[in-house]
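Worksheet for the structure shown next.
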Amino acid sequence: MAIRTEPIVLNMGPQHPSTHGVFRMRVTFDGEVIVGLDPVFGYLHRGIEKLAESRTYTQFIPLTDRLDYLASMSNNFAYCLAVERLAGIEVPERAEYIRVIMAEAMRISSHLMAVGFFLNDCGASVYTPLIYMYREREKLLDLFDMVSGQRLTYNYMRIGGVSHDLPPEFLPALRKFVREMPAFIDEYDQLLAENEVLLARTKGVGILPRELAINASASGPVLRASGVKWDLRRKDPYSIYSRFAFDIPTAETGDSYDRYWVRVQEMRQSVRILEQALAQIPEGPVRAEVPHLVRPPRGEVYSRIEAPKGELGFYIVSDGSVAPYRLHVRGPSFINLTALREMCLGWKLADAIAILGSLDIVMGEVDR
Amino acid sequence: MDWLHWIFFALFIVVFVLGMVMVFIWMERRGVGRLQLRPGPNRAGPFGLLQPVADAIKVLLKEDIVPERGDRLLHTLAPIVSFVPAFMVFAVVPFWRGDGAGLVPDLNIGLVYLVAVSSISVVGVFMAGWASNNKYSLIGAMRMMAQMVSYEVPLVLALVGVALAAGSLSLVNIVEAQGLPFILVQPLGFLVYFLAAMAEANRGPFDLMEADSELVAGFHTEYSGMKFAMFYLGEYAHTLGVAAIGATLFLGGWAGPVLPPILWLVIKVLVLFFVIFWVRATLPRLRVDQLMAFAWKFLLPLALMNIFLVAVEISTQSLSALWVMMVVNVVAGVLLVYLLSRLWRLGGGRVAV
């Protein structure tokens, strides 16, 4: 006799420990198997794009900190780059190096959080991997604290450079970090890369096929894990990235494990870039002569960088006044989320959480 | 004075269990802290020793909330049903040498009693899941039922090996039969027992029914205040139970040189508990289908092989050459675990929708 069963609908979120903030998934289960999934966004909408229209170009910088708050200097970087492109401002050499150093340190910090929370979502139940990752992130936060006096929302970059020069203790501390970091990444690999339970939970789970990844316009580690060698630092070079030697790690299958693996490899590459930048950084001014109120000429610009989570783009339309006429943010977390349904269907409840964790979303960027 | 004996041990067990649970909570919080590169709670009392007391006071002062659409009676009854069996287990545990070393330590069906009593608490968990009128609770409770049914089987089979070797079901006789602790004579049996017991006590990578990253808090999502504390205490008491049984059946119970017997029992329990929370702090959680596969495809064959080995050794009278058998069994155990882990992977995968 066949037993009659019914699917159940479960609202995971917006209040849920593992949806990375206030993300909500309306999931339909058949037993524990997912047969339907609708992502619901918007619980953290703050209208940042509209707010930009009533602020001067400089005043908007602190608001970009609140997009991807785990990599806020990358957002500063992307925004300042867009405005500079629009207004035709040249950035001094030293400021470019400082920006690259900050962006790469930010990438390491963001990936540490991504890997830590991913393992947490896999159910390393008392946060052990996350706290190990915090150990290194703490050193980075100390570095950021030195330059900006903040630990999360730095507001360090300015249009035409950075707000002020590096303090004298910064470069020695960063050198020490760069020296130590590879050993710590080796430690993570040793503890995690071949952990049987982790492999069983993530290998082959939540596959994002190459075609789908491209069609969903995924970017960043999520796209590279699916086997597409696409990194804006190489494909559309900005700032001074063409001066550095680094590899673009890619994986084959695009499962959760690959996304984890690509992030760990990217941390190694970021350390390489930091090493080179430390060796090359020149003396000089850190900020171009920019008027207090920037008035870019009429026109529009789309400028993008490779943020830790993918392609972060700023589209700005200027009407020649002190504030943007329209500003749009292309948040990588938001776009990477679009393929979530296809990745989760047919997997179990626990896998959905792990897959979401492997996408590494930040709600500040998804909802804006 | 028979009734004096009953009253004494009834009180003794309550004090022993609650005291040990306090020690466990302190030890786990401090120990996991150390494993995670942080000091752990160290503000309440010296070395944070009063932390469990502070926890208890906090939880006692919390409001007790029953979901509006929930089943009030079941909701209240559930923590009690899952709490009490954790104490009942200790009725048959001998705490020291000689007659009357426990409530009824020489109960002639001691092992059967243990197995029977320790599975009652599942009922409480399911009552909690059902009465909460919450989908997370219900999923957690359903997982718990499936998991218990699966893990009782290898657990009992591992205990059969002990009963065979000791020739008795009474825990006093089993302790006395261990000239050499059974962990050395039956390493495989101990491994199976320990893994299955961790799953029974909702610990380690097997804590699926309260998987905090998926199910918020599993079956006790809707519990607060004292009722939550009952579940919390019950979980630790259950862990204490499986550790005490493990120590009694496989590590020689109270037996040991120099120190007083009860201290030996406590030391062995603490060692087992250390391993339990060490694993918990280290490994990610298994998925529900992998968990079932692990019980039926990995632990069950191992448990059967263990019974087979022990039975052959008993029937050939070779158990008298204990040290030789110890080496043989350790080698056989390692080989079997290695072979099984080569031949078999944690399964499960995508279902076509």
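Chain identifiers are assigned as A, B, and so on, following the order in which chains appear in the structure tokens; residues are numbered from 1 within each chain, and ligands are numbered from 1 in order of appearance.
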Give me the chain A side of the contact with chain B, cut-off 8 Å, one line per residue showing its nearest atom pair and distance in Å at one decimal, counting only C-alpha atoms, sorted by chain and residue number, as a tab-separated table.
```
residue	atom	partner	partner_atom	distance
A:Leu10	CA	B:Lys135	CA	7.1
A:His16	CA	B:Val216	CA	6.4
A:Pro17	CA	B:Ser213	CA	6.0
A:Ser18	CA	B:Ser213	CA	5.3
A:Val33	CA	B:Val351	CA	7.4
A:Val35	CA	B:Val353	CA	6.1
A:Leu119	CA	B:Pro284	CA	7.2
A:Asn120	CA	B:Ser213	CA	7.3
A:Asp121	CA	B:Ser213	CA	5.5
A:Cys122	CA	B:Pro284	CA	5.9
A:Gly123	CA	B:Arg285	CA	4.6
A:Ala124	CA	B:Pro284	CA	3.8
A:Ser125	CA	B:Pro284	CA	6.7
A:Val126	CA	B:Ala281	CA	5.9
A:Tyr127	CA	B:Ala281	CA	7.7
A:Thr128	CA	B:Gln36	CA	5.4
A:Ile131	CA	B:Gln36	CA	6.2
A:Tyr132	CA	B:Gln36	CA	6.7
A:Val197	CA	B:Pro284	CA	6.4
A:Leu198	CA	B:Pro284	CA	6.4
A:Ala200	CA	B:Leu346	CA	6.1
A:Arg201	CA	B:Arg287	CA	6.9
A:Val205	CA	B:Gly349	CA	7.5
A:Leu345	CA	B:Val353	CA	6.9
A:Gly346	CA	B:Val351	CA	4.6
A:Trp347	CA	B:Arg350	CA	5.1
A:Lys348	CA	B:Arg350	CA	7.9
A:Leu349	CA	B:Glu214	CA	7.2
A:Ala350	CA	B:Glu214	CA	6.0
A:Asp351	CA	B:Arg287	CA	7.8
A:Ile353	CA	B:Glu214	CA	6.5
```
Give me, as a PyMOL selection string, the residues of stretch 151-310 of chain A that a backbone DSSP run labels strand (DSSP E).
chain A and resi 157-158+161-162+299-307+310
Residue contacts of B:Tyr151 (9 Å, only C-alpha atoms) excluding same-chain residues fewer than 5 positions away, as a ChimeraX atom specification
/B:146,156,195-197,199-200,292,295-296,299-300
Which parts of stretch 140-340 of chain A does DSSP call helix (DSSP H, G or I) when run on the backbone here, written out as a PyMOL selection string?
chain A and resi 140-148+170-193+196-202+210-215+221-225+232-235+241-243+256-280+332-340
Spatial neighbours of A:Glu342, max dist 12 Å, only C-alpha atoms, sep filter under 4 positions, as number ranges by chain
A: 34-39, 205-209, 212-213, 216, 336-338, 346-347, 352, 355-356; B: 350, 352-353
Restrict the selected residues to N, CA and C atoms and save them as a compact mmCIF listing (two decimals), in the first residue's frame.
```txt
# COMPACT_ATOMS: atom_id res chain seq x y z
N ILE A 34 14.33 18.71 -1.29
CA ILE A 34 13.81 20.00 -1.74
C ILE A 34 13.18 19.84 -3.11
N VAL A 35 11.90 20.19 -3.23
CA VAL A 35 11.25 20.13 -4.55
C VAL A 35 10.92 21.52 -5.07
N GLY A 36 11.10 22.53 -4.26
CA GLY A 36 10.84 23.88 -4.72
C GLY A 36 11.53 24.87 -3.83
N LEU A 37 12.00 25.96 -4.41
CA LEU A 37 12.70 26.94 -3.58
C LEU A 37 12.54 28.32 -4.20
N ASP A 38 12.01 29.25 -3.44
CA ASP A 38 11.91 30.63 -3.91
C ASP A 38 12.70 31.53 -2.99
N PRO A 39 13.74 32.17 -3.51
CA PRO A 39 14.44 33.15 -2.69
C PRO A 39 13.60 34.42 -2.57
N VAL A 205 28.02 18.26 -4.49
CA VAL A 205 26.76 18.83 -4.00
C VAL A 205 26.59 20.25 -4.54
N GLY A 206 25.38 20.55 -4.99
CA GLY A 206 25.08 21.91 -5.43
C GLY A 206 25.89 22.33 -6.64
N ILE A 207 25.90 21.48 -7.66
CA ILE A 207 26.72 21.79 -8.83
C ILE A 207 26.09 22.93 -9.62
N LEU A 208 26.92 23.92 -9.95
CA LEU A 208 26.52 25.01 -10.83
C LEU A 208 27.25 24.76 -12.15
N PRO A 209 26.56 24.23 -13.18
CA PRO A 209 27.26 23.90 -14.41
C PRO A 209 27.80 25.17 -15.08
N LEU A 212 25.26 27.26 -17.07
CA LEU A 212 24.31 27.98 -16.21
C LEU A 212 25.00 29.13 -15.50
N ALA A 213 26.24 28.90 -15.09
CA ALA A 213 26.98 29.95 -14.40
C ALA A 213 27.13 31.17 -15.29
N ALA A 216 23.62 32.79 -15.93
CA ALA A 216 23.11 33.52 -14.77
C ALA A 216 24.01 34.71 -14.46
N ASN A 336 24.84 36.38 -7.98
CA ASN A 336 25.22 34.99 -7.77
C ASN A 336 24.08 34.17 -7.18
N LEU A 337 23.17 34.85 -6.47
CA LEU A 337 22.07 34.13 -5.83
C LEU A 337 21.03 33.61 -6.83
N THR A 338 21.03 34.18 -8.04
CA THR A 338 19.92 33.88 -8.94
C THR A 338 19.85 32.42 -9.33
N GLY A 346 16.37 18.96 -5.47
CA GLY A 346 16.76 17.55 -5.40
C GLY A 346 17.71 17.24 -4.28
N TRP A 347 18.30 18.25 -3.67
CA TRP A 347 19.17 18.00 -2.53
C TRP A 347 18.36 18.07 -1.25
N ALA A 352 20.93 22.56 1.27
CA ALA A 352 20.54 23.91 0.86
C ALA A 352 21.31 24.94 1.66
N ILE A 355 24.92 24.94 0.48
CA ILE A 355 25.07 25.57 -0.83
C ILE A 355 24.98 27.08 -0.69
N LEU A 356 24.01 27.53 0.09
CA LEU A 356 23.88 28.97 0.31
C LEU A 356 25.16 29.51 0.95
N ARG B 350 21.82 13.45 -5.06
CA ARG B 350 20.71 14.22 -5.56
C ARG B 350 19.57 13.30 -5.95
N ALA B 352 16.18 13.02 -8.31
CA ALA B 352 15.57 13.69 -9.45
C ALA B 352 14.22 14.26 -9.04
N VAL B 353 14.00 15.53 -9.32
CA VAL B 353 12.73 16.16 -8.92
C VAL B 353 11.89 16.41 -10.17
```
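Going from atom CA of B:Phe47 over to atom CA of B:Ile245, you cover 29.2 Å.
Atom to atom, atom CA of A:Gln276 and atom CA of A:Phe314 stand 27.9 Å apart.
The shortest atom-to-atom distance to B:Ala177, with only C-alpha atoms taken into account, belongs to B:Thr248 out of B:Asn329, B:Ser341, B:Ser224, B:Thr248.
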Give me the residues near stretch 260-268 of chain A as a CSV table (one decimal) with C-alpha atoms, in the first residue's frame, where near means some atom within 9 Å (using only C-alpha atoms) and where sequence neighbours in that chain fewer than 5 positions away do not count.
```csv
chain,number,residue,atom,x,y,z
A,104,GLU,CA,43.8,42.4,-1.5
A,107,ARG,CA,39.9,39.9,-0.2
A,108,ILE,CA,41.8,37.7,2.3
A,109,SER,CA,39.6,38.9,5.1
A,111,HIS,CA,37.4,34.9,2.0
A,112,LEU,CA,38.3,33.9,5.6
A,114,ALA,CA,33.3,33.1,3.7
A,115,VAL,CA,35.2,29.8,4.3
A,118,PHE,CA,30.6,27.9,5.0
A,181,MET,CA,49.8,33.9,6.3
A,182,PRO,CA,50.9,31.0,3.9
A,185,ILE,CA,46.6,28.6,4.9
A,188,TYR,CA,43.5,25.1,7.0
A,189,ASP,CA,44.3,22.8,4.1
A,193,ALA,CA,40.9,19.9,2.5
A,221,PRO,CA,34.8,32.6,-7.1
A,222,VAL,CA,31.4,31.1,-7.9
A,224,ARG,CA,35.7,30.4,-11.4
A,225,ALA,CA,34.7,27.3,-9.5
A,247,ASP,CA,47.4,33.2,-11.2
A,248,ILE,CA,43.6,32.8,-11.5
A,249,PRO,CA,42.7,29.6,-9.7
A,250,THR,CA,39.8,27.7,-11.4
A,251,ALA,CA,38.1,24.4,-10.6
A,255,ASP,CA,30.2,22.1,-6.6
A,273,ILE,CA,50.1,40.3,-4.8
A,358,SER,CA,29.2,28.3,-0.4
```
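Ranking B:Val328, B:Leu191, B:Leu171, B:Val84 by their shortest atom-to-atom distance to B:Asn108, with only C-alpha atoms included, puts B:Leu171 first.
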B:Thr76 environment, 10 Å, only C-alpha atoms, sequence neighbours closer than 5 positions dropped, as a ChimeraX atom specification
/B:66,71,81,127-128,131,223,227
Long-range neighbours of B:Asp106 as a PyMOL selection string, 6 Å cut-off, only C-alpha atoms, 2 positions minimum in chain
chain B and resi 104+108+170+172
Export of prior selection with N, CA and C atoms as a PDB file, in the first residue's frame:
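Result saved to again36.pdb:
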```pdb
ATOM      1  N   VAL B 104      20.528  -1.075  42.204  1.00  0.00           N
ATOM      2  CA  VAL B 104      20.386  -2.521  42.010  1.00  0.00           C
ATOM      3  C   VAL B 104      21.473  -2.989  41.040  1.00  0.00           C
ATOM      4  N   ASN B 108      19.913  -9.055  37.401  1.00  0.00           N
ATOM      5  CA  ASN B 108      20.433 -10.089  36.509  1.00  0.00           C
ATOM      6  C   ASN B 108      20.134  -9.830  35.037  1.00  0.00           C
ATOM      7  N   SER B 170      24.571  -9.048  34.210  1.00  0.00           N
ATOM      8  CA  SER B 170      24.631  -8.171  35.379  1.00  0.00           C
ATOM      9  C   SER B 170      25.900  -7.328  35.337  1.00  0.00           C
ATOM     10  N   VAL B 172      27.606  -5.925  37.661  1.00  0.00           N
ATOM     11  CA  VAL B 172      28.632  -6.264  38.647  1.00  0.00           C
ATOM     12  C   VAL B 172      29.519  -7.385  38.115  1.00  0.00           C
TER      13      VAL B 172
END
```
